[in-house]
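Asks: The structure file upload13.tsv (TSV, C-alpha atoms) is provided below.
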```tsv
chain	number	residue	atom	x	y	z
A	1	MET	CA	218.88	121.94	147.64
A	2	SER	CA	220.44	120.50	144.51
A	3	PRO	CA	221.73	122.45	141.55
A	4	ARG	CA	219.26	122.65	138.73
A	5	THR	CA	219.70	120.31	135.82
A	6	GLY	CA	218.50	120.03	132.24
A	7	ARG	CA	218.09	122.54	129.48
A	8	ARG	CA	215.95	125.61	129.59
A	9	PRO	CA	212.67	125.63	127.68
A	10	GLY	CA	212.23	127.31	124.33
A	11	ASP	CA	214.09	127.54	121.07
A	12	GLN	CA	217.78	126.73	121.53
A	13	LYS	CA	219.07	129.34	119.10
A	14	THR	CA	217.05	132.13	120.71
A	15	GLY	CA	218.24	131.01	124.15
A	16	GLN	CA	221.86	131.16	123.01
A	17	ALA	CA	221.38	134.63	121.51
A	18	VAL	CA	219.88	135.85	124.79
A	19	LEU	CA	222.73	134.40	126.87
A	20	ALA	CA	225.37	135.82	124.53
A	21	ALA	CA	223.73	139.27	124.71
A	22	ALA	CA	223.49	138.96	128.50
A	23	ARG	CA	227.20	138.12	128.85
A	24	ARG	CA	228.16	141.13	126.71
A	25	ARG	CA	225.86	143.54	128.53
A	26	PHE	CA	226.79	142.36	132.05
A	27	ALA	CA	230.48	142.58	131.17
A	28	GLU	CA	230.08	146.08	129.75
A	29	HIS	CA	227.55	147.68	132.11
A	30	GLY	CA	227.78	145.55	135.26
A	31	PHE	CA	224.88	143.79	136.89
A	32	ALA	CA	223.08	146.90	138.12
A	33	GLY	CA	223.49	148.80	134.84
A	34	THR	CA	222.08	146.07	132.65
A	35	THR	CA	218.34	145.67	132.02
A	36	ILE	CA	216.33	142.77	130.66
A	37	ARG	CA	215.14	145.19	127.96
A	38	MET	CA	218.72	145.90	126.75
A	39	ILE	CA	219.47	142.20	126.49
A	40	ALA	CA	216.20	141.44	124.72
A	41	THR	CA	216.81	144.23	122.20
A	42	ASP	CA	220.35	142.96	121.50
A	43	ALA	CA	219.05	139.43	121.02
A	44	GLY	CA	216.15	140.62	118.83
A	45	VAL	CA	213.43	139.18	121.05
A	46	ASP	CA	210.60	140.52	123.18
A	47	PRO	CA	211.54	141.33	126.82
A	48	ALA	CA	208.51	139.31	127.92
A	49	LEU	CA	210.05	136.25	126.29
A	50	VAL	CA	213.30	136.73	128.24
A	51	LEU	CA	211.33	137.06	131.47
A	52	HIS	CA	209.32	133.98	130.54
A	53	TYR	CA	212.51	131.96	130.07
A	54	TYR	CA	214.54	133.25	133.00
A	55	GLY	CA	212.13	134.75	135.52
A	56	ASN	CA	214.30	137.73	136.51
A	57	LYS	CA	217.67	139.40	135.96
A	58	ALA	CA	219.42	137.40	138.71
A	59	GLU	CA	218.39	134.11	137.13
A	60	LEU	CA	219.47	135.33	133.71
A	61	PHE	CA	222.85	136.38	135.13
A	62	ALA	CA	223.22	132.98	136.81
A	63	ALA	CA	222.50	131.27	133.49
A	64	ALA	CA	224.81	133.60	131.55
A	65	VAL	CA	227.77	132.78	133.82
A	66	ASP	CA	226.88	129.06	133.83
A	67	MET	CA	225.94	129.18	137.49
A	68	PRO	CA	223.92	125.98	137.94
A	69	VAL	CA	222.20	127.22	141.12
A	70	SER	CA	219.20	129.51	141.28
A	71	PRO	CA	219.78	132.44	143.67
A	72	THR	CA	216.01	132.97	143.87
A	73	GLN	CA	215.52	129.41	145.11
A	74	VAL	CA	218.30	129.76	147.68
A	75	ILE	CA	216.73	132.87	149.19
A	76	ALA	CA	213.25	131.30	149.07
A	77	MET	CA	214.59	128.37	151.08
A	78	LEU	CA	216.32	130.58	153.68
A	79	VAL	CA	213.12	132.53	154.32
A	80	ASP	CA	211.67	129.38	155.87
A	81	VAL	CA	214.60	128.80	158.25
A	82	GLY	CA	214.35	130.07	161.83
A	83	PRO	CA	216.96	132.67	162.90
A	84	ALA	CA	218.54	130.26	165.41
A	85	ASP	CA	219.42	127.73	162.70
A	86	LEU	CA	220.36	130.15	159.93
A	87	GLY	CA	224.15	129.93	160.44
A	88	GLU	CA	224.29	126.17	160.16
A	89	VAL	CA	221.81	126.04	157.27
A	90	VAL	CA	223.75	128.65	155.28
A	91	ALA	CA	227.04	126.85	156.03
A	92	ARG	CA	225.62	123.48	154.98
A	93	THR	CA	224.04	124.96	151.84
A	94	VAL	CA	227.26	126.66	150.72
A	95	VAL	CA	229.55	123.74	151.51
A	96	GLY	CA	227.00	121.44	149.84
A	97	PHE	CA	227.08	123.55	146.66
A	98	TRP	CA	230.87	123.25	146.54
A	99	GLU	CA	230.52	119.47	146.28
A	100	HIS	CA	228.92	119.90	142.85
A	101	PRO	CA	231.82	120.40	140.41
A	102	ASP	CA	229.72	122.60	138.09
A	103	VAL	CA	228.65	124.95	140.87
A	104	LEU	CA	232.15	125.13	142.28
A	105	ALA	CA	233.66	125.81	138.86
A	106	ALA	CA	231.17	128.60	138.14
A	107	TRP	CA	231.86	130.32	141.47
A	108	LEU	CA	235.59	129.99	141.19
A	109	ALA	CA	235.47	131.44	137.69
A	110	LEU	CA	233.52	134.44	139.01
A	111	LEU	CA	235.97	134.94	141.88
A	112	ARG	CA	239.03	134.59	139.65
A	113	SER	CA	237.63	137.14	137.20
A	114	ALA	CA	236.76	139.49	140.06
A	115	ALA	CA	240.32	139.22	141.39
A	116	SER	CA	241.87	140.21	138.07
A	117	GLU	CA	239.39	142.66	136.50
A	118	GLU	CA	237.74	145.66	138.09
A	119	ALA	CA	234.64	145.30	135.88
A	120	ALA	CA	234.17	141.67	136.92
A	121	ALA	CA	234.57	142.63	140.59
A	122	THR	CA	231.86	145.27	140.18
A	123	MET	CA	229.58	142.79	138.44
A	124	LEU	CA	230.08	140.19	141.19
A	125	ARG	CA	229.54	142.79	143.93
A	126	GLU	CA	226.32	144.07	142.38
A	127	PHE	CA	225.06	140.55	141.75
A	128	LEU	CA	225.84	139.38	145.31
A	129	GLU	CA	224.38	142.53	146.89
A	130	GLU	CA	221.18	142.63	144.83
A	131	THR	CA	220.33	138.96	144.65
A	132	ILE	CA	221.78	137.30	147.74
A	133	LEU	CA	222.91	139.75	150.43
A	134	ARG	CA	220.12	142.32	150.41
A	135	PRO	CA	217.34	139.69	150.27
A	136	LEU	CA	219.06	137.75	153.07
A	137	ALA	CA	219.40	140.99	155.08
A	138	GLY	CA	215.67	141.48	154.53
A	139	VAL	CA	214.96	138.01	155.94
A	140	LEU	CA	217.15	138.86	158.93
A	141	GLY	CA	215.86	142.37	159.60
A	142	GLY	CA	217.47	144.94	161.91
A	143	LYS	CA	219.54	148.00	161.13
A	144	ASP	CA	222.90	146.23	160.92
A	145	ALA	CA	221.62	143.36	158.76
A	146	ASP	CA	223.68	144.49	155.74
A	147	GLN	CA	226.86	144.32	157.81
A	148	ARG	CA	225.92	140.89	159.18
A	149	VAL	CA	225.32	139.26	155.81
A	150	ALA	CA	228.43	140.90	154.32
A	151	LEU	CA	230.55	139.42	157.15
A	152	CYS	CA	229.05	136.00	156.35
A	153	ALA	CA	229.94	136.51	152.69
A	154	SER	CA	233.53	137.36	153.65
A	155	GLN	CA	233.97	134.09	155.55
A	156	ILE	CA	232.33	132.05	152.78
A	157	VAL	CA	234.41	133.67	150.03
A	158	GLY	CA	237.56	133.26	152.13
A	159	LEU	CA	236.94	129.60	152.90
A	160	GLY	CA	236.29	128.92	149.22
A	161	ILE	CA	239.52	130.65	148.19
A	162	ALA	CA	241.61	129.10	150.98
A	163	ARG	CA	240.24	125.61	150.23
A	164	TYR	CA	240.06	125.59	146.43
A	165	VAL	CA	242.39	128.31	145.13
A	166	ILE	CA	245.27	128.59	147.63
A	167	ARG	CA	244.56	125.01	148.82
A	168	LEU	CA	245.73	125.59	152.36
A	169	ASP	CA	246.40	122.42	154.28
A	170	PRO	CA	244.27	121.01	155.98
A	171	LEU	CA	241.26	123.04	154.74
A	172	ALA	CA	241.59	121.39	151.35
A	173	THR	CA	241.03	117.94	152.87
A	174	MET	CA	238.47	118.66	155.62
A	175	SER	CA	235.11	116.90	155.25
A	176	THR	CA	231.82	118.69	154.64
A	177	ASP	CA	230.76	117.99	158.23
A	178	GLN	CA	233.99	119.38	159.64
A	179	LEU	CA	233.64	122.53	157.54
A	180	VAL	CA	230.01	123.00	158.56
A	181	ALA	CA	230.92	122.51	162.24
A	182	ALA	CA	233.69	125.11	161.94
A	183	LEU	CA	231.74	127.59	159.81
A	184	GLY	CA	228.20	127.32	161.24
A	185	PRO	CA	228.81	129.11	164.58
A	186	THR	CA	230.83	131.84	162.85
A	187	LEU	CA	227.97	132.59	160.46
A	188	GLN	CA	225.42	132.28	163.28
A	189	ARG	CA	227.27	134.91	165.34
A	190	TYR	CA	227.62	137.21	162.32
A	191	LEU	CA	223.89	136.86	161.60
A	192	THR	CA	222.39	137.05	165.08
A	193	GLY	CA	225.14	137.47	167.71
A	194	ASP	CA	226.92	140.37	169.36
A	195	LEU	CA	229.27	142.19	166.96
A	196	ASP	CA	230.43	145.07	169.18
B	1	MET	CA	253.67	146.65	164.84
B	2	SER	CA	254.49	148.97	161.97
B	3	PRO	CA	255.67	147.93	158.53
B	4	ARG	CA	259.40	148.23	158.14
B	5	THR	CA	260.78	151.26	156.38
B	6	GLY	CA	263.98	152.35	154.72
B	7	ARG	CA	266.39	150.58	152.42
B	8	ARG	CA	268.22	147.38	153.14
B	9	PRO	CA	271.93	147.49	153.97
B	10	GLY	CA	274.63	146.68	151.46
B	11	ASP	CA	275.47	147.52	147.89
B	12	GLN	CA	272.33	148.55	145.99
B	13	LYS	CA	273.24	146.80	142.75
B	14	THR	CA	273.94	143.51	144.51
B	15	GLY	CA	270.69	143.83	146.43
B	16	GLN	CA	268.75	144.33	143.18
B	17	ALA	CA	270.44	141.32	141.57
B	18	VAL	CA	269.52	139.16	144.56
B	19	LEU	CA	265.88	140.32	144.51
B	20	ALA	CA	265.61	139.79	140.75
B	21	ALA	CA	267.05	136.28	141.09
B	22	ALA	CA	264.68	135.59	144.00
B	23	ARG	CA	261.61	136.66	142.00
B	24	ARG	CA	262.62	134.40	139.09
B	25	ARG	CA	263.35	131.39	141.30
B	26	PHE	CA	260.22	131.72	143.47
B	27	ALA	CA	258.07	132.08	140.34
B	28	GLU	CA	259.68	129.05	138.73
B	29	HIS	CA	260.13	126.66	141.66
B	30	GLY	CA	257.68	127.93	144.25
B	31	PHE	CA	258.58	128.94	147.77
B	32	ALA	CA	259.41	125.45	149.06
B	33	GLY	CA	261.46	124.49	145.99
B	34	THR	CA	263.69	127.55	146.07
B	35	THR	CA	266.83	127.74	148.19
B	36	ILE	CA	268.95	130.67	149.30
B	37	ARG	CA	271.87	128.90	147.58
B	38	MET	CA	270.07	128.87	144.17
B	39	ILE	CA	269.32	132.56	144.42
B	40	ALA	CA	272.85	133.43	145.53
B	41	THR	CA	274.34	131.43	142.65
B	42	ASP	CA	272.04	133.18	140.13
B	43	ALA	CA	272.98	136.59	141.54
B	44	GLY	CA	276.68	135.71	141.61
B	45	VAL	CA	277.10	136.27	145.35
B	46	ASP	CA	277.92	134.15	148.38
B	47	PRO	CA	274.89	132.55	150.12
B	48	ALA	CA	276.24	133.91	153.41
B	49	LEU	CA	275.87	137.42	152.03
B	50	VAL	CA	272.20	136.79	151.13
B	51	LEU	CA	271.58	135.45	154.63
B	52	HIS	CA	273.38	138.44	156.09
B	53	TYR	CA	271.12	140.83	154.15
B	54	TYR	CA	267.79	139.06	154.56
B	55	GLY	CA	268.05	136.72	157.54
B	56	ASN	CA	266.09	133.83	156.04
B	57	LYS	CA	264.11	132.69	152.99
B	58	ALA	CA	260.79	134.09	154.29
B	59	GLU	CA	262.28	137.56	154.69
B	60	LEU	CA	263.87	137.36	151.25
B	61	PHE	CA	260.52	136.33	149.74
B	62	ALA	CA	258.80	139.20	151.55
B	63	ALA	CA	261.37	141.63	150.13
B	64	ALA	CA	261.14	140.09	146.63
B	65	VAL	CA	257.37	140.59	146.47
B	66	ASP	CA	257.66	144.08	148.01
B	67	MET	CA	255.94	142.93	151.20
B	68	PRO	CA	256.83	145.70	153.64
B	69	VAL	CA	256.14	143.54	156.71
B	70	SER	CA	258.48	141.01	158.23
B	71	PRO	CA	256.75	137.63	158.77
B	72	THR	CA	259.45	136.70	161.28
B	73	GLN	CA	258.66	139.77	163.38
B	74	VAL	CA	254.91	139.07	163.27
B	75	ILE	CA	255.38	135.54	164.59
B	76	ALA	CA	257.89	136.72	167.20
B	77	MET	CA	255.30	139.19	168.47
B	78	LEU	CA	252.49	136.59	168.62
B	79	VAL	CA	254.64	134.23	170.70
B	80	ASP	CA	254.37	136.75	173.54
B	81	VAL	CA	250.56	137.01	173.41
B	82	GLY	CA	248.52	134.86	175.79
B	83	PRO	CA	246.11	132.35	174.17
B	84	ALA	CA	243.03	134.18	175.50
B	85	ASP	CA	243.95	137.38	173.63
B	86	LEU	CA	245.31	135.84	170.44
B	87	GLY	CA	242.13	136.28	168.35
B	88	GLU	CA	241.85	139.98	169.00
B	89	VAL	CA	245.59	140.61	168.63
B	90	VAL	CA	245.72	138.77	165.28
B	91	ALA	CA	242.61	140.64	164.09
B	92	ARG	CA	244.04	144.00	165.13
B	93	THR	CA	247.43	143.21	163.59
B	94	VAL	CA	245.96	142.17	160.25
B	95	VAL	CA	243.44	145.01	160.00
B	96	GLY	CA	246.21	147.40	161.09
B	97	PHE	CA	248.47	146.16	158.27
B	98	TRP	CA	245.71	146.85	155.75
B	99	GLU	CA	245.76	150.51	156.75
B	100	HIS	CA	249.26	150.80	155.28
B	101	PRO	CA	248.77	151.21	151.52
B	102	ASP	CA	252.09	149.46	150.72
B	103	VAL	CA	251.27	146.41	152.80
B	104	LEU	CA	247.76	146.21	151.43
B	105	ALA	CA	248.95	146.56	147.84
B	106	ALA	CA	251.57	143.82	148.30
B	107	TRP	CA	249.03	141.40	149.77
B	108	LEU	CA	246.39	142.15	147.17
B	109	ALA	CA	248.95	141.61	144.40
B	110	LEU	CA	249.82	138.21	145.89
B	111	LEU	CA	246.15	137.25	146.17
B	112	ARG	CA	245.32	138.42	142.66
B	113	SER	CA	248.24	136.45	141.21
B	114	ALA	CA	247.21	133.39	143.21
B	115	ALA	CA	243.66	133.66	141.87
B	116	SER	CA	244.80	133.68	138.25
B	117	GLU	CA	247.92	131.47	138.18
B	118	GLU	CA	248.38	128.03	139.64
B	119	ALA	CA	252.11	128.62	140.21
B	120	ALA	CA	251.42	131.81	142.17
B	121	ALA	CA	248.79	130.02	144.26
B	122	THR	CA	251.33	127.31	145.10
B	123	MET	CA	253.93	129.92	146.00
B	124	LEU	CA	251.49	131.78	148.26
B	125	ARG	CA	250.34	128.55	149.90
B	126	GLU	CA	253.88	127.40	150.63
B	127	PHE	CA	254.88	130.81	151.90
B	128	LEU	CA	251.84	131.10	154.20
B	129	GLU	CA	252.17	127.55	155.48
B	130	GLU	CA	255.91	127.65	156.12
B	131	THR	CA	256.31	131.14	157.48
B	132	ILE	CA	253.02	132.13	159.12
B	133	LEU	CA	250.64	129.21	159.65
B	134	ARG	CA	252.99	126.47	160.85
B	135	PRO	CA	254.87	128.77	163.25
B	136	LEU	CA	251.55	130.10	164.57
B	137	ALA	CA	250.29	126.52	164.96
B	138	GLY	CA	253.47	125.81	166.93
B	139	VAL	CA	252.72	128.75	169.24
B	140	LEU	CA	249.19	127.40	169.70
B	141	GLY	CA	250.05	123.71	170.17
B	142	GLY	CA	247.58	120.81	170.09
B	143	LYS	CA	246.86	118.25	167.40
B	144	ASP	CA	244.32	120.34	165.44
B	145	ALA	CA	246.43	123.52	165.49
B	146	ASP	CA	247.01	123.39	161.70
B	147	GLN	CA	243.26	123.35	161.11
B	148	ARG	CA	242.72	126.21	163.56
B	149	VAL	CA	245.24	128.57	161.99
B	150	ALA	CA	244.06	127.66	158.46
B	151	LEU	CA	240.48	128.59	159.42
B	152	CYS	CA	241.78	131.94	160.68
B	153	ALA	CA	243.60	132.44	157.40
B	154	SER	CA	240.38	131.72	155.48
B	155	GLN	CA	238.48	134.45	157.36
B	156	ILE	CA	241.33	136.94	156.99
B	157	VAL	CA	241.76	136.27	153.26
B	158	GLY	CA	237.98	136.44	152.78
B	159	LEU	CA	237.60	139.72	154.63
B	160	GLY	CA	240.46	141.22	152.64
B	161	ILE	CA	238.90	140.14	149.35
B	162	ALA	CA	235.36	141.13	150.31
B	163	ARG	CA	236.54	144.55	151.56
B	164	TYR	CA	239.17	145.50	149.00
B	165	VAL	CA	238.57	143.44	145.84
B	166	ILE	CA	234.81	142.80	145.64
B	167	ARG	CA	234.21	145.90	147.85
B	168	LEU	CA	231.04	144.57	149.44
B	169	ASP	CA	229.00	147.22	151.16
B	170	PRO	CA	229.29	147.94	154.11
B	171	LEU	CA	232.54	146.00	154.71
B	172	ALA	CA	234.39	148.46	152.51
B	173	THR	CA	233.46	151.36	154.82
B	174	MET	CA	233.60	149.72	158.28
B	175	SER	CA	236.18	151.18	160.68
B	176	THR	CA	239.18	149.30	161.98
B	177	ASP	CA	237.53	148.97	165.40
B	178	GLN	CA	234.33	147.61	163.90
B	179	LEU	CA	236.28	145.06	161.87
B	180	VAL	CA	238.35	143.99	164.87
B	181	ALA	CA	235.20	143.64	166.98
B	182	ALA	CA	233.59	141.49	164.30
B	183	LEU	CA	236.68	139.43	163.46
B	184	GLY	CA	238.32	138.98	166.87
B	185	PRO	CA	235.85	136.49	168.40
B	186	THR	CA	235.76	134.48	165.15
B	187	LEU	CA	239.55	134.10	165.18
B	188	GLN	CA	239.53	133.42	168.92
B	189	ARG	CA	237.06	130.56	168.50
B	190	TYR	CA	239.02	129.14	165.57
B	191	LEU	CA	242.23	129.32	167.63
B	192	THR	CA	241.07	128.11	171.02
B	193	GLY	CA	237.33	127.30	170.93
B	194	ASP	CA	235.20	124.26	170.21
B	195	LEU	CA	235.19	123.32	166.51
B	196	ASP	CA	233.14	120.11	166.60
```
The structure in this file should be written as structure tokens.
Replies:
Amino acid sequence: MSPRTGRRPGDQKTGQAVLAAARRRFAEHGFAGTTIRMIATDAGVDPALVLHYYGNKAELFAAAVDMPVSPTQVIAMLVDVGPADLGEVVARTVVGFWEHPDVLAAWLALLRSAASEEAAATMLREFLEETILRPLAGVLGGKDADQRVALCASQIVGLGIARYVIRLDPLATMSTDQLVAALGPTLQRYLTGDLD
Amino acid sequence: MSPRTGRRPGDQKTGQAVLAAARRRFAEHGFAGTTIRMIATDAGVDPALVLHYYGNKAELFAAAVDMPVSPTQVIAMLVDVGPADLGEVVARTVVGFWEHPDVLAAWLALLRSAASEEAAATMLREFLEETILRPLAGVLGGKDADQRVALCASQIVGLGIARYVIRLDPLATMSTDQLVAALGPTLQRYLTGDLD
């Protein structure tokens, strides 16, 4: 899957007002505490218009933080992947995203903010849990699914930080295929293997 | 292994001058670019005295950033562990350290600084590579040992951030034993398993 490109539909000024209101509300109330209605009211537009533009709160958040990837599309794609291949597909998807400078920059900005501000950490946690981890746990099923997807997230976050922030040698220079080969079986075990 | 406790030997005022000089030099020149001699000169003491107090640059860095664990002791302990048990021992050691509030706070402070400042990221990278990763790679042996220990570092850093900074549910509430059971086989594969 490629990052989305191009501008959103609709009036540019209204779109900017919505995104500005979204950034303020998410920063102040977190992801869970913010509603489409609050943002629409702040921006002086109808909530239905915001939904029409952005589809749902996760997509609006992604747009507000300049995340050029749609979380909804990622989850929709993973639903179609068999459990036996999920680890490698998730690894390849994540490492593939990092090759797009815009996607990488957006994620690193989120992680850096989360590392320095409690409010940003809360926002990132709620966003990840509501839009990526819980849906992925739903795809996976089973009583420990939440734990499994959270362990995957820990390895993905850690590889991103080790490779792009701390720049540990030789992670910083490993190829996509090498990273996928290293990461895939780890994620596969976290998702479907024995954890006890 | 427990974190070290108690005060360092020697005159308290001299010790504080050395640590203050160390913090300034490490922040300005990074870990690799700072020498014991520079720090001793800044603090107005003999380099031999600094070495007598702290043993080596890694220990001095650990003391300067309030890291209550001795990297030299950690590596010395791992040398005695057989390759087949290394993953679990490293997992248990790391997760055990996190249970000590002082150790956890020191590591989180380093990670937070690294996430927001390039110079701090460089310092952390050089410190990790020179004092933990390269010695551990030496214990391990083999041509891809650097890659193996760096992958371990990525999972450890990621679990720490997911558990204590982003506080992803349920990582934040998993027990030490659960974390070791989840982490151990990942680290073992990174250290000794098939990565291709």
Asks: Using only C-alpha atoms and a cut-off of 9 Å, which residues of chain A sit close to chain B? Please list them as a PDB file with C-alpha atoms, keeping the file's coordinate frame.
Replies:
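After the write, result.pdb holds the following:
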```
ATOM      1  CA  LEU A 108     235.590 129.990 141.190  1.00  0.00           C
ATOM      2  CA  LEU A 111     235.970 134.940 141.880  1.00  0.00           C
ATOM      3  CA  ARG A 112     239.030 134.590 139.650  1.00  0.00           C
ATOM      4  CA  SER A 113     237.630 137.140 137.200  1.00  0.00           C
ATOM      5  CA  ALA A 114     236.760 139.490 140.060  1.00  0.00           C
ATOM      6  CA  ALA A 115     240.320 139.220 141.390  1.00  0.00           C
ATOM      7  CA  SER A 116     241.870 140.210 138.070  1.00  0.00           C
ATOM      8  CA  GLU A 118     237.740 145.660 138.090  1.00  0.00           C
ATOM      9  CA  ALA A 120     234.170 141.670 136.920  1.00  0.00           C
ATOM     10  CA  ALA A 121     234.570 142.630 140.590  1.00  0.00           C
ATOM     11  CA  THR A 122     231.860 145.270 140.180  1.00  0.00           C
ATOM     12  CA  MET A 123     229.580 142.790 138.440  1.00  0.00           C
ATOM     13  CA  LEU A 124     230.080 140.190 141.190  1.00  0.00           C
ATOM     14  CA  ARG A 125     229.540 142.790 143.930  1.00  0.00           C
ATOM     15  CA  GLU A 126     226.320 144.070 142.380  1.00  0.00           C
ATOM     16  CA  LEU A 128     225.840 139.380 145.310  1.00  0.00           C
ATOM     17  CA  GLU A 129     224.380 142.530 146.890  1.00  0.00           C
ATOM     18  CA  ASP A 146     223.680 144.490 155.740  1.00  0.00           C
ATOM     19  CA  GLN A 147     226.860 144.320 157.810  1.00  0.00           C
ATOM     20  CA  ALA A 150     228.430 140.900 154.320  1.00  0.00           C
ATOM     21  CA  LEU A 151     230.550 139.420 157.150  1.00  0.00           C
ATOM     22  CA  ALA A 153     229.940 136.510 152.690  1.00  0.00           C
ATOM     23  CA  SER A 154     233.530 137.360 153.650  1.00  0.00           C
ATOM     24  CA  GLN A 155     233.970 134.090 155.550  1.00  0.00           C
ATOM     25  CA  ILE A 156     232.330 132.050 152.780  1.00  0.00           C
ATOM     26  CA  VAL A 157     234.410 133.670 150.030  1.00  0.00           C
ATOM     27  CA  GLY A 158     237.560 133.260 152.130  1.00  0.00           C
ATOM     28  CA  LEU A 159     236.940 129.600 152.900  1.00  0.00           C
ATOM     29  CA  GLY A 160     236.290 128.920 149.220  1.00  0.00           C
ATOM     30  CA  ILE A 161     239.520 130.650 148.190  1.00  0.00           C
ATOM     31  CA  ALA A 162     241.610 129.100 150.980  1.00  0.00           C
ATOM     32  CA  ARG A 163     240.240 125.610 150.230  1.00  0.00           C
ATOM     33  CA  VAL A 165     242.390 128.310 145.130  1.00  0.00           C
ATOM     34  CA  ILE A 166     245.270 128.590 147.630  1.00  0.00           C
ATOM     35  CA  ARG A 167     244.560 125.010 148.820  1.00  0.00           C
ATOM     36  CA  LEU A 168     245.730 125.590 152.360  1.00  0.00           C
ATOM     37  CA  ASP A 169     246.400 122.420 154.280  1.00  0.00           C
ATOM     38  CA  PRO A 170     244.270 121.010 155.980  1.00  0.00           C
ATOM     39  CA  LEU A 171     241.260 123.040 154.740  1.00  0.00           C
ATOM     40  CA  MET A 174     238.470 118.660 155.620  1.00  0.00           C
ATOM     41  CA  ASP A 177     230.760 117.990 158.230  1.00  0.00           C
ATOM     42  CA  GLN A 178     233.990 119.380 159.640  1.00  0.00           C
ATOM     43  CA  ALA A 181     230.920 122.510 162.240  1.00  0.00           C
ATOM     44  CA  ALA A 182     233.690 125.110 161.940  1.00  0.00           C
ATOM     45  CA  LEU A 183     231.740 127.590 159.810  1.00  0.00           C
ATOM     46  CA  PRO A 185     228.810 129.110 164.580  1.00  0.00           C
ATOM     47  CA  THR A 186     230.830 131.840 162.850  1.00  0.00           C
ATOM     48  CA  ARG A 189     227.270 134.910 165.340  1.00  0.00           C
ATOM     49  CA  TYR A 190     227.620 137.210 162.320  1.00  0.00           C
ATOM     50  CA  ASP A 194     226.920 140.370 169.360  1.00  0.00           C
ATOM     51  CA  LEU A 195     229.270 142.190 166.960  1.00  0.00           C
ATOM     52  CA  ASP A 196     230.430 145.070 169.180  1.00  0.00           C
TER      53      ASP A 196
END
```
Asks: What is the CA of Pro71 in chain A-CA of Thr14 in chain A distance in Å, reported with one decimal?
Replies: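 Answer for the CA of Pro71 in chain A to CA of Thr14 in chain A separation: 23.1 Å.
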Asks: What does the structure give for the distance between CA of Val69 in chain B and CA of Val103 in chain B, in Å to one decimal?
Replies: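 One can read the CA of Val69 in chain B to CA of Val103 in chain B distance as 6.9 Å.
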Asks: Which residues, written as an MDAnalysis selection string, have at least one atom at most 9 Å from range 38-55 of chain B, with all atoms listed in the file counted and residues fewer than 3 positions away on the same chain left out?
Replies: chainID B and resid 8:10 14:22 24:25 34:35 58:60 63
Asks: Would you export the selected residues with C-alpha atoms as a compact mmCIF listing (two decimals), keeping the file's coordinate frame, please?
Replies:
```txt
# COMPACT_ATOMS: atom_id res chain seq x y z
CA ARG B 8 268.22 147.38 153.14
CA PRO B 9 271.93 147.49 153.97
CA GLY B 10 274.63 146.68 151.46
CA THR B 14 273.94 143.51 144.51
CA GLY B 15 270.69 143.83 146.43
CA GLN B 16 268.75 144.33 143.18
CA ALA B 17 270.44 141.32 141.57
CA VAL B 18 269.52 139.16 144.56
CA LEU B 19 265.88 140.32 144.51
CA ALA B 20 265.61 139.79 140.75
CA ALA B 21 267.05 136.28 141.09
CA ALA B 22 264.68 135.59 144.00
CA ARG B 24 262.62 134.40 139.09
CA ARG B 25 263.35 131.39 141.30
CA THR B 34 263.69 127.55 146.07
CA THR B 35 266.83 127.74 148.19
CA ALA B 58 260.79 134.09 154.29
CA GLU B 59 262.28 137.56 154.69
CA LEU B 60 263.87 137.36 151.25
CA ALA B 63 261.37 141.63 150.13
```
Asks: Name the residues in contact with Asp102 in chain A at a cut-off of 8 Å, using all atoms listed in the file, excluding same-chain residues fewer than 4 positions from it; report them as an NGL selection string.
Replies: :A and (67-68 or 106)
Asks: When you draw a straight line from CA of Ile132 in chain B to CA of Val74 in chain B, how long is it in Å?
Replies: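 According to the coordinates, CA of Ile132 in chain B and CA of Val74 in chain B are separated by 8.3 Å.
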Asks: So which residues are close to (224.4, 119.4, 153.8), meaning at most 12 Å away in the file's coordinates with only C-alpha atoms counted, and can you show them as a CSV table (one decimal) with C-alpha atoms, in the coordinates of the input?
Replies:
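So the final result, stored in selection.csv, reads:
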```csv
chain,number,residue,atom,x,y,z
A,1,MET,CA,218.9,121.9,147.6
A,2,SER,CA,220.4,120.5,144.5
A,88,GLU,CA,224.3,126.2,160.2
A,89,VAL,CA,221.8,126.0,157.3
A,90,VAL,CA,223.8,128.6,155.3
A,91,ALA,CA,227.0,126.8,156.0
A,92,ARG,CA,225.6,123.5,155.0
A,93,THR,CA,224.0,125.0,151.8
A,94,VAL,CA,227.3,126.7,150.7
A,95,VAL,CA,229.6,123.7,151.5
A,96,GLY,CA,227.0,121.4,149.8
A,97,PHE,CA,227.1,123.6,146.7
A,98,TRP,CA,230.9,123.2,146.5
A,99,GLU,CA,230.5,119.5,146.3
A,100,HIS,CA,228.9,119.9,142.8
A,175,SER,CA,235.1,116.9,155.2
A,176,THR,CA,231.8,118.7,154.6
A,177,ASP,CA,230.8,118.0,158.2
A,178,GLN,CA,234.0,119.4,159.6
A,179,LEU,CA,233.6,122.5,157.5
A,180,VAL,CA,230.0,123.0,158.6
A,181,ALA,CA,230.9,122.5,162.2
A,184,GLY,CA,228.2,127.3,161.2
```
